[in-house]
file upload38.cif (mmCIF, C-alpha atoms)
data_my_file
loop_
_atom_site.label_atom_id
_atom_site.label_comp_id
_atom_site.auth_asym_id
_atom_site.auth_seq_id
_atom_site.Cartn_x
_atom_site.Cartn_y
_atom_site.Cartn_z
CA MET A 1 32.05 46.88 11.53
CA THR A 2 32.99 43.17 11.43
CA ALA A 3 30.95 42.49 14.56
CA THR A 4 27.93 44.20 13.03
CA ARG A 5 28.32 42.15 9.83
CA ASN A 6 28.56 38.90 11.82
CA VAL A 7 25.42 39.78 13.73
CA SER A 8 23.60 40.50 10.47
CA VAL A 9 24.72 37.20 8.96
CA ALA A 10 23.63 35.33 12.08
CA LEU A 11 20.23 36.98 12.02
CA LEU A 12 19.85 36.16 8.32
CA LEU A 13 20.76 32.52 8.86
CA GLY A 14 18.39 32.31 11.79
CA ALA A 15 15.56 33.73 9.71
CA MET A 16 16.29 31.29 6.89
CA LEU A 17 16.31 28.32 9.27
CA ALA A 18 13.08 29.48 10.90
CA ALA A 19 11.42 29.86 7.50
CA GLU A 20 12.61 26.41 6.45
CA ALA A 21 11.31 24.83 9.66
CA HIS A 22 7.99 26.64 9.33
CA SER A 23 7.54 25.41 5.77
CA ALA A 24 8.38 21.76 6.58
CA THR A 25 5.55 19.41 5.64
CA VAL A 26 4.80 15.71 5.41
CA SER A 27 6.84 13.79 2.84
CA ALA A 28 5.54 10.93 0.71
CA GLY A 29 5.58 7.53 2.39
CA SER A 30 3.86 4.23 3.00
CA ALA A 31 2.93 1.85 5.81
CA ILE A 32 1.38 -1.53 6.45
CA TYR A 33 -1.21 -1.89 9.21
CA THR A 34 -3.15 -4.70 10.86
CA TYR A 35 -6.71 -3.98 11.91
CA ASP A 36 -9.94 -5.25 13.43
CA ASN A 37 -13.21 -4.48 11.65
CA THR A 38 -16.80 -4.77 12.88
CA PHE A 39 -19.94 -3.79 11.00
CA PHE A 40 -23.54 -4.85 10.32
CA THR A 41 -25.03 -6.10 7.08
CA ARG A 42 -28.79 -5.77 6.58
CA LEU A 43 -30.09 -8.74 4.58
CA PHE A 44 -33.27 -7.97 2.66
CA PRO A 45 -36.16 -10.45 2.99
CA GLY A 46 -37.09 -12.83 0.20
CA THR A 47 -33.51 -13.57 -0.89
CA PRO A 48 -31.44 -16.77 -0.64
CA PHE A 49 -29.58 -15.09 2.23
CA ASN A 50 -32.76 -14.22 4.13
CA PRO A 51 -35.81 -16.26 3.10
CA GLY A 52 -37.91 -14.65 5.86
CA SER A 53 -40.39 -11.80 5.54
CA VAL A 54 -38.45 -9.06 7.39
CA ALA A 55 -34.97 -7.58 7.02
CA VAL A 56 -32.30 -8.96 9.35
CA ASP A 57 -29.25 -7.04 10.59
CA VAL A 58 -26.32 -9.45 10.89
CA PRO A 59 -23.09 -8.59 12.78
CA VAL A 60 -19.85 -9.12 10.85
CA THR A 61 -16.30 -9.23 12.24
CA ALA A 62 -12.96 -9.41 10.43
CA GLN A 63 -9.23 -9.01 10.98
CA GLY A 64 -6.67 -8.22 8.33
CA THR A 65 -3.99 -5.97 6.89
CA PHE A 66 -3.96 -2.96 4.60
CA THR A 67 -1.20 -1.11 2.77
CA GLN A 68 -1.31 2.68 2.61
CA ALA A 69 0.72 4.93 0.29
CA TRP A 70 0.50 8.70 0.65
CA GLU A 71 1.75 11.55 -1.49
CA ALA A 72 3.74 14.51 -0.20
CA GLN A 73 1.62 17.15 1.51
CA SER A 74 0.35 19.85 -0.82
CA GLY A 75 -0.98 22.86 1.04
CA ASP A 76 -3.69 21.65 3.40
CA THR A 77 -4.09 18.23 1.78
CA ILE A 78 -2.41 14.84 1.77
CA VAL A 79 -3.75 12.45 -0.87
CA ASP A 80 -3.38 8.73 -0.23
CA GLU A 81 -4.53 5.30 -1.38
CA LEU A 82 -5.09 1.95 0.30
CA THR A 83 -3.57 -0.20 -2.43
CA SER A 84 -4.21 -3.58 -0.74
CA ILE A 85 -6.81 -4.61 1.84
CA VAL A 86 -7.04 -8.28 2.81
CA ALA A 87 -9.02 -9.72 5.72
CA ALA A 88 -10.67 -12.87 7.03
CA GLY A 89 -13.83 -12.82 9.09
CA THR A 90 -17.18 -14.27 10.01
CA ILE A 91 -20.77 -13.36 9.27
CA ASN A 92 -22.42 -14.27 12.55
CA GLY A 93 -25.36 -16.60 12.19
CA VAL A 94 -26.48 -20.20 12.73
CA PRO A 95 -24.10 -21.48 11.59
CA PRO A 96 -21.52 -18.66 11.28
CA VAL A 97 -20.32 -18.06 7.71
CA PRO A 98 -16.55 -17.54 7.18
CA PHE A 99 -15.44 -15.15 4.45
CA GLU A 100 -12.44 -13.37 3.01
CA LEU A 101 -12.50 -9.66 2.16
CA PHE A 102 -10.52 -7.89 -0.55
CA ALA A 103 -10.26 -4.24 -1.60
CA GLY A 104 -7.76 -1.91 -3.21
CA ILE A 105 -6.42 -1.71 -6.72
CA ASP A 106 -3.84 -4.47 -6.09
CA GLU A 107 -6.51 -6.94 -4.94
CA VAL A 108 -9.67 -6.25 -6.98
CA PRO A 109 -8.75 -3.90 -9.83
CA GLU A 110 -12.11 -4.59 -11.49
CA LEU A 111 -13.83 -2.75 -8.62
CA GLY A 112 -11.54 0.29 -8.62
CA ALA A 113 -9.27 2.10 -6.19
CA PHE A 114 -9.72 2.73 -2.46
CA THR A 115 -8.64 6.36 -2.08
CA GLY A 116 -8.61 9.04 0.58
CA SER A 117 -7.24 12.33 1.78
CA MET A 118 -6.32 14.23 4.91
CA SER A 119 -7.33 17.86 5.40
CA SER A 120 -7.40 20.53 8.14
CA ILE A 121 -3.77 19.55 8.67
CA VAL A 122 -1.68 20.81 11.56
CA ASN A 123 2.07 20.22 11.24
CA ASP A 124 4.77 20.22 13.88
CA PRO A 125 6.45 23.64 13.40
CA ILE A 126 9.96 22.14 13.57
CA SER A 127 9.81 18.70 11.95
CA GLY A 128 6.79 19.21 9.70
CA GLU A 129 5.29 15.94 10.95
CA LEU A 130 1.52 15.66 11.00
CA ILE A 131 0.07 16.23 14.47
CA SER A 132 -3.63 16.46 13.58
CA ALA A 133 -5.89 16.12 10.55
CA PHE A 134 -9.33 15.08 9.41
CA ARG A 135 -9.17 11.77 7.54
CA SER A 136 -11.59 10.38 4.94
CA VAL A 137 -11.10 7.26 2.80
CA SER A 138 -13.53 5.30 0.64
CA GLY A 139 -13.75 2.53 -1.89
CA PRO A 140 -15.54 -0.63 -3.05
CA PHE A 141 -14.84 -4.11 -1.67
CA LEU A 142 -15.41 -7.80 -2.29
CA GLN A 143 -16.40 -10.59 0.14
CA VAL A 144 -15.83 -14.22 -0.84
CA LEU A 145 -17.84 -16.64 1.30
CA ALA A 146 -16.58 -20.09 2.26
CA ASP A 147 -18.71 -21.75 -0.46
CA GLY A 148 -17.32 -19.41 -3.14
CA THR A 149 -20.27 -16.99 -3.24
CA ARG A 150 -19.05 -13.49 -4.04
CA LEU A 151 -20.70 -10.43 -2.48
CA TYR A 152 -19.52 -6.92 -3.28
CA ALA A 153 -20.20 -3.23 -2.79
CA ILE A 154 -19.53 -1.18 -5.92
CA ASP A 155 -20.53 2.10 -4.25
CA PRO A 156 -17.63 3.39 -2.13
CA TYR A 157 -17.91 2.75 1.60
CA THR A 158 -16.44 5.75 3.43
CA PHE A 159 -14.53 5.81 6.72
CA VAL A 160 -13.69 9.03 8.59
CA ALA A 161 -11.54 9.83 11.63
CA SER A 162 -9.49 12.46 13.37
CA VAL A 163 -5.83 11.40 13.33
CA ASP A 164 -2.74 12.72 15.10
CA SER A 165 0.11 10.99 13.25
CA LEU A 166 1.18 9.55 9.93
CA PRO A 167 1.60 6.59 9.82
CA PHE A 168 -1.59 6.31 11.87
CA GLY A 169 -1.31 5.10 15.45
CA VAL A 170 -2.30 1.89 17.19
CA GLY A 171 -5.83 2.34 18.51
CA ASP A 172 -6.87 4.87 15.84
CA ILE A 173 -10.52 4.25 14.97
CA PHE A 174 -12.23 4.92 11.64
CA VAL A 175 -16.03 4.95 11.41
CA GLY A 176 -18.23 4.25 8.38
CA THR A 177 -20.51 7.10 7.39
CA GLN A 178 -23.20 5.72 5.07
CA ASN A 179 -25.07 2.63 3.91
CA VAL A 180 -23.96 0.97 0.68
CA ALA A 181 -25.74 -1.67 -1.38
CA ALA A 182 -24.44 -5.26 -1.21
CA ARG A 183 -24.75 -7.26 -4.44
CA VAL A 184 -24.26 -10.95 -5.17
CA GLN A 185 -22.18 -11.80 -8.24
CA LEU A 186 -24.13 -14.17 -10.51
CA GLY A 187 -21.76 -14.61 -13.43
CA PRO A 188 -18.03 -14.98 -13.99
CA THR A 189 -17.47 -11.22 -13.73
CA ILE A 190 -18.79 -8.39 -11.58
CA ASP A 191 -21.85 -6.90 -13.30
CA PRO A 192 -23.60 -4.17 -11.24
CA ALA A 193 -26.24 -3.72 -13.94
CA ASN A 194 -27.51 -7.28 -13.50
CA ASP A 195 -26.18 -8.57 -10.16
CA PRO A 196 -29.05 -8.23 -7.65
CA ILE A 197 -28.87 -6.19 -4.45
CA ILE A 198 -29.41 -8.51 -1.50
CA GLY A 199 -28.85 -6.06 1.36
CA LEU A 200 -26.97 -3.11 2.75
CA VAL A 201 -23.63 -2.71 4.47
CA LEU A 202 -24.71 -0.31 7.20
CA ALA A 203 -23.12 2.92 8.31
CA GLY A 204 -21.37 2.81 11.66
CA GLY A 205 -18.84 0.12 10.82
CA VAL A 206 -15.67 0.47 12.90
CA LEU A 207 -12.10 -0.19 11.80
CA GLU A 208 -9.45 -0.10 14.56
CA ILE A 209 -5.71 -0.23 13.86
CA THR A 210 -3.95 -2.89 15.95
CA SER A 211 -0.35 -2.55 14.71
CA ILE A 212 1.81 -0.57 12.28
CA VAL A 213 4.81 -1.73 10.27
CA PRO A 214 6.09 1.36 8.37
CA GLU A 215 9.07 -0.45 6.85
CA PRO A 216 8.58 -4.21 7.16
CA ALA A 217 11.61 -6.41 7.59
CA SER A 218 12.22 -8.87 4.76
CA GLY A 219 10.83 -11.82 6.73
CA CYS A 220 7.66 -9.97 7.68
CA LEU A 221 7.22 -8.69 4.12
CA ALA A 222 7.69 -12.20 2.75
CA ALA A 223 5.07 -13.55 5.15
CA LEU A 224 2.60 -10.84 4.18
CA THR A 225 3.28 -11.45 0.49
CA ALA A 226 2.76 -15.19 0.92
CA ALA A 227 -0.52 -14.59 2.75
CA CYS A 228 -1.76 -12.27 -0.01
CA LEU A 229 -0.78 -14.77 -2.73
CA ALA A 230 -2.55 -17.58 -0.88
CA ALA A 231 -5.67 -15.44 -0.50
CA ARG A 232 -5.62 -14.54 -4.19
CA GLY A 233 -5.27 -18.22 -5.07
CA ARG A 234 -8.29 -19.13 -2.97
CA ARG A 235 -10.26 -16.26 -4.47
CA SER A 236 -9.62 -17.42 -8.06
CA GLU A 237 -10.65 -21.05 -7.45
#
call {"tool": "encode", "arguments": {"input": "upload38.cif", "output": "structure tokens"}}
result
Amino acid sequence: MTATRNVSVALLLGAMLAAEAHSATVSAGSAIYTYDNTFFTRLFPGTPFNPGSVAVDVPVTAQGTFTQAWEAQSGDTIVDELTSIVAAGTINGVPPVPFELFAGIDEVPELGAFTGSMSSIVNDPISGELISAFRSVSGPFLQVLADGTRLYAIDPYTFVASVDSLPFGVGDIFVGTQNVAARVQLGPTIDPANDPIIGLVLAGGVLEITSIVPEPASGCLAALTAACLAARGRRSE
């Protein structure tokens, strides 16, 4: 009788553990990434940026960091936000035009949040870690040229990818899916109703992750904070 009871208890515990493992999902978390970004901007003719008579597609390159915070998995969805995106790059031309790029609610709150989600999620049956998902993220962004000119996209630019980990992995590539209008800011504040459209940020832009720092050491975090503060200072001048 005792042996039978022990077997029953063992089977019950095994079933409970199996159920717990099966129900394991991704917990809330955050990460900081560095990335390379390449895309094309189409400059419309008859503007200060393209005084010619035909549109010109100009290659743009940038490198920077972004901070991601994600919520705990709920069913087949993980909701996340890129709270800070900061980069420096060049609009290729003669001569090349340096710029800084900002996005995310911590950097340009007047433009709005840069938000995303993961769906079609497959979890590791034991750990609950994400092993595959479809990823989509979108938001507006601001470019500040070397002479202080401010260009921005108020319509969300969307990136998509298939991912196999969270945090994402080095080499993961996200691709832009649609064109968005690029405006030049004329006054002291962003005003989409009156700021003219001078071109398009074209679909097909590529963002590639080059490193991940899920929990930055204090020195690294201080350096990143200092860089962000310096960038904000330059942006407000």
call {"tool": "closest_residue", "arguments": {"input": "upload38.cif", "among": "A:Glu81, A:Ala146, A:Arg42, A:Pro125", "to": "Val180 of chain A", "atoms": "only C-alpha atoms"}}
result
A:Arg42
call {"tool": "residues_near_point", "arguments": {"input": "upload38.cif", "point": "(-20.8, -3.9, -14.6)", "cutoff": "12 Å", "atoms": "all atoms listed in the file", "output": "ChimeraX atom specification"}}
result
/A:110-112,152-155,183,185-196
call {"tool": "closest_residue", "arguments": {"input": "upload38.cif", "among": "A:Ser138, A:Pro59, A:Leu130, A:Ala161", "to": "Thr77 of chain A", "atoms": "only C-alpha atoms"}}
result
A:Leu130
call {"tool": "resolve_selection", "arguments": {"input": "upload38.cif", "expression": "the PyMOL selection byres ((chain A and resi 64) around 12)", "output": "ChimeraX atom specification"}}
result
/A:32-38,61-63,65-67,84-89,99-103,207-211,224,227-228,231
call {"tool": "atom_distance", "arguments": {"input": "upload38.cif", "atom1": "atom CA of Val60 of chain A", "atom2": "atom CA of Leu82 of chain A"}}
result
21.3 Å
call {"tool": "decode", "arguments": {"input": "upload38.cif", "residues": "segment 147-182 of chain A", "atoms": "N, CA, C and O atoms", "output": "mmCIF file, in the first residue's frame"}}
result
data_model
loop_
_atom_site.group_PDB
_atom_site.id
_atom_site.type_symbol
_atom_site.label_atom_id
_atom_site.label_comp_id
_atom_site.auth_asym_id
_atom_site.auth_seq_id
_atom_site.Cartn_x
_atom_site.Cartn_y
_atom_site.Cartn_z
ATOM 1 N N ASP A 147 24.523 71.394 -39.265
ATOM 2 C CA ASP A 147 24.270 72.832 -39.187
ATOM 3 C C ASP A 147 23.063 73.165 -38.315
ATOM 4 O O ASP A 147 22.645 74.333 -38.239
ATOM 5 N N GLY A 148 22.479 72.152 -37.655
ATOM 6 C CA GLY A 148 21.340 72.375 -36.780
ATOM 7 C C GLY A 148 19.991 72.132 -37.420
ATOM 8 O O GLY A 148 18.962 72.143 -36.726
ATOM 9 N N THR A 149 19.939 71.948 -38.733
ATOM 10 C CA THR A 149 18.677 71.640 -39.409
ATOM 11 C C THR A 149 18.082 70.351 -38.851
ATOM 12 O O THR A 149 18.784 69.365 -38.649
ATOM 13 N N ARG A 150 16.779 70.375 -38.619
ATOM 14 C CA ARG A 150 16.098 69.228 -38.019
ATOM 15 C C ARG A 150 15.130 68.619 -39.029
ATOM 16 O O ARG A 150 14.207 69.288 -39.508
ATOM 17 N N LEU A 151 15.357 67.361 -39.363
ATOM 18 C CA LEU A 151 14.471 66.593 -40.227
ATOM 19 C C LEU A 151 13.802 65.522 -39.388
ATOM 20 O O LEU A 151 14.428 64.963 -38.474
ATOM 21 N N TYR A 152 12.547 65.206 -39.679
ATOM 22 C CA TYR A 152 11.876 64.195 -38.873
ATOM 23 C C TYR A 152 10.825 63.455 -39.678
ATOM 24 O O TYR A 152 10.333 63.940 -40.704
ATOM 25 N N ALA A 153 10.505 62.263 -39.190
ATOM 26 C CA ALA A 153 9.408 61.459 -39.739
ATOM 27 C C ALA A 153 8.392 61.274 -38.626
ATOM 28 O O ALA A 153 8.701 60.658 -37.597
ATOM 29 N N ILE A 154 7.221 61.844 -38.786
ATOM 30 C CA ILE A 154 6.169 61.713 -37.783
ATOM 31 C C ILE A 154 5.405 60.405 -37.964
ATOM 32 O O ILE A 154 4.907 59.810 -37.010
ATOM 33 N N ASP A 155 5.294 59.933 -39.214
ATOM 34 C CA ASP A 155 4.653 58.643 -39.472
ATOM 35 C C ASP A 155 5.607 57.525 -39.056
ATOM 36 O O ASP A 155 6.797 57.567 -39.380
ATOM 37 N N PRO A 156 5.128 56.525 -38.342
ATOM 38 C CA PRO A 156 6.024 55.481 -37.828
ATOM 39 C C PRO A 156 6.721 54.709 -38.951
ATOM 40 O O PRO A 156 6.079 54.264 -39.904
ATOM 41 N N TYR A 157 8.026 54.583 -38.829
ATOM 42 C CA TYR A 157 8.801 53.719 -39.724
ATOM 43 C C TYR A 157 8.850 52.339 -39.074
ATOM 44 O O TYR A 157 9.213 52.216 -37.904
ATOM 45 N N THR A 158 8.496 51.308 -39.826
ATOM 46 C CA THR A 158 8.351 49.963 -39.266
ATOM 47 C C THR A 158 9.476 49.047 -39.718
ATOM 48 O O THR A 158 9.813 48.988 -40.904
ATOM 49 N N PHE A 159 10.058 48.321 -38.741
ATOM 50 C CA PHE A 159 11.038 47.275 -39.015
ATOM 51 C C PHE A 159 10.424 45.923 -38.652
ATOM 52 O O PHE A 159 9.715 45.807 -37.639
ATOM 53 N N VAL A 160 10.719 44.883 -39.446
ATOM 54 C CA VAL A 160 10.262 43.535 -39.134
ATOM 55 C C VAL A 160 11.433 42.564 -39.230
ATOM 56 O O VAL A 160 12.433 42.833 -39.910
ATOM 57 N N ALA A 161 11.295 41.425 -38.542
ATOM 58 C CA ALA A 161 12.340 40.400 -38.567
ATOM 59 C C ALA A 161 11.791 39.122 -37.966
ATOM 60 O O ALA A 161 10.798 39.123 -37.233
ATOM 61 N N SER A 162 12.460 38.029 -38.276
ATOM 62 C CA SER A 162 12.273 36.777 -37.551
ATOM 63 C C SER A 162 13.417 36.663 -36.553
ATOM 64 O O SER A 162 14.582 36.814 -36.933
ATOM 65 N N VAL A 163 13.098 36.447 -35.288
ATOM 66 C CA VAL A 163 14.122 36.404 -34.239
ATOM 67 C C VAL A 163 14.088 35.049 -33.551
ATOM 68 O O VAL A 163 13.079 34.332 -33.569
ATOM 69 N N ASP A 164 15.224 34.682 -32.929
ATOM 70 C CA ASP A 164 15.303 33.378 -32.270
ATOM 71 C C ASP A 164 15.824 33.489 -30.844
ATOM 72 O O ASP A 164 16.249 32.490 -30.259
ATOM 73 N N SER A 165 15.780 34.686 -30.266
ATOM 74 C CA SER A 165 16.189 34.856 -28.873
ATOM 75 C C SER A 165 15.701 36.206 -28.378
ATOM 76 O O SER A 165 15.364 37.088 -29.156
ATOM 77 N N LEU A 166 15.681 36.351 -27.068
ATOM 78 C CA LEU A 166 15.381 37.605 -26.415
ATOM 79 C C LEU A 166 16.202 37.672 -25.134
ATOM 80 O O LEU A 166 15.998 36.828 -24.248
ATOM 81 N N PRO A 167 17.160 38.608 -25.002
ATOM 82 C CA PRO A 167 17.496 39.660 -25.956
ATOM 83 C C PRO A 167 17.824 39.109 -27.351
ATOM 84 O O PRO A 167 18.173 37.951 -27.505
ATOM 85 N N PHE A 168 17.693 39.983 -28.353
ATOM 86 C CA PHE A 168 18.029 39.609 -29.713
ATOM 87 C C PHE A 168 19.507 39.278 -29.815
ATOM 88 O O PHE A 168 20.292 39.622 -28.935
ATOM 89 N N GLY A 169 19.903 38.617 -30.901
ATOM 90 C CA GLY A 169 21.279 38.173 -31.042
ATOM 91 C C GLY A 169 22.103 39.056 -31.960
ATOM 92 O O GLY A 169 21.575 39.766 -32.821
ATOM 93 N N VAL A 170 23.413 39.017 -31.755
ATOM 94 C CA VAL A 170 24.327 39.716 -32.654
ATOM 95 C C VAL A 170 24.123 39.186 -34.075
ATOM 96 O O VAL A 170 24.044 37.980 -34.297
ATOM 97 N N GLY A 171 24.016 40.100 -35.021
ATOM 98 C CA GLY A 171 23.782 39.702 -36.408
ATOM 99 C C GLY A 171 22.322 39.685 -36.800
ATOM 100 O O GLY A 171 22.014 39.564 -37.999
ATOM 101 N N ASP A 172 21.385 39.787 -35.831
ATOM 102 C CA ASP A 172 19.969 39.864 -36.187
ATOM 103 C C ASP A 172 19.738 41.102 -37.050
ATOM 104 O O ASP A 172 20.257 42.192 -36.774
ATOM 105 N N ILE A 173 18.933 40.941 -38.101
ATOM 106 C CA ILE A 173 18.700 42.011 -39.063
ATOM 107 C C ILE A 173 17.214 42.339 -39.113
ATOM 108 O O ILE A 173 16.360 41.454 -39.231
ATOM 109 N N PHE A 174 16.913 43.629 -39.058
ATOM 110 C CA PHE A 174 15.556 44.137 -39.127
ATOM 111 C C PHE A 174 15.438 44.993 -40.382
ATOM 112 O O PHE A 174 16.313 45.810 -40.668
ATOM 113 N N VAL A 175 14.346 44.823 -41.124
ATOM 114 C CA VAL A 175 14.206 45.470 -42.434
ATOM 115 C C VAL A 175 12.981 46.378 -42.434
ATOM 116 O O VAL A 175 11.886 45.985 -41.997
ATOM 117 N N GLY A 176 13.159 47.604 -42.948
ATOM 118 C CA GLY A 176 12.050 48.546 -43.044
ATOM 119 C C GLY A 176 11.042 48.129 -44.104
ATOM 120 O O GLY A 176 11.412 47.613 -45.158
ATOM 121 N N THR A 177 9.762 48.386 -43.827
ATOM 122 C CA THR A 177 8.711 47.837 -44.686
ATOM 123 C C THR A 177 7.958 48.848 -45.528
ATOM 124 O O THR A 177 7.199 48.459 -46.411
ATOM 125 N N GLN A 178 8.114 50.155 -45.270
ATOM 126 C CA GLN A 178 7.342 51.116 -46.048
ATOM 127 C C GLN A 178 8.040 52.468 -46.091
ATOM 128 O O GLN A 178 8.915 52.762 -45.282
ATOM 129 N N ASN A 179 7.651 53.281 -47.078
ATOM 130 C CA ASN A 179 8.161 54.645 -47.165
ATOM 131 C C ASN A 179 7.453 55.534 -46.140
ATOM 132 O O ASN A 179 6.247 55.364 -45.895
ATOM 133 N N VAL A 180 8.202 56.493 -45.570
ATOM 134 C CA VAL A 180 7.571 57.492 -44.711
ATOM 135 C C VAL A 180 8.065 58.876 -45.112
ATOM 136 O O VAL A 180 9.202 59.043 -45.563
ATOM 137 N N ALA A 181 7.197 59.858 -44.959
ATOM 138 C CA ALA A 181 7.520 61.225 -45.356
ATOM 139 C C ALA A 181 8.551 61.834 -44.416
ATOM 140 O O ALA A 181 8.474 61.683 -43.194
ATOM 141 N N ALA A 182 9.531 62.551 -44.994
ATOM 142 C CA ALA A 182 10.530 63.286 -44.218
ATOM 143 C C ALA A 182 10.193 64.767 -44.285
ATOM 144 O O ALA A 182 10.034 65.334 -45.373
#
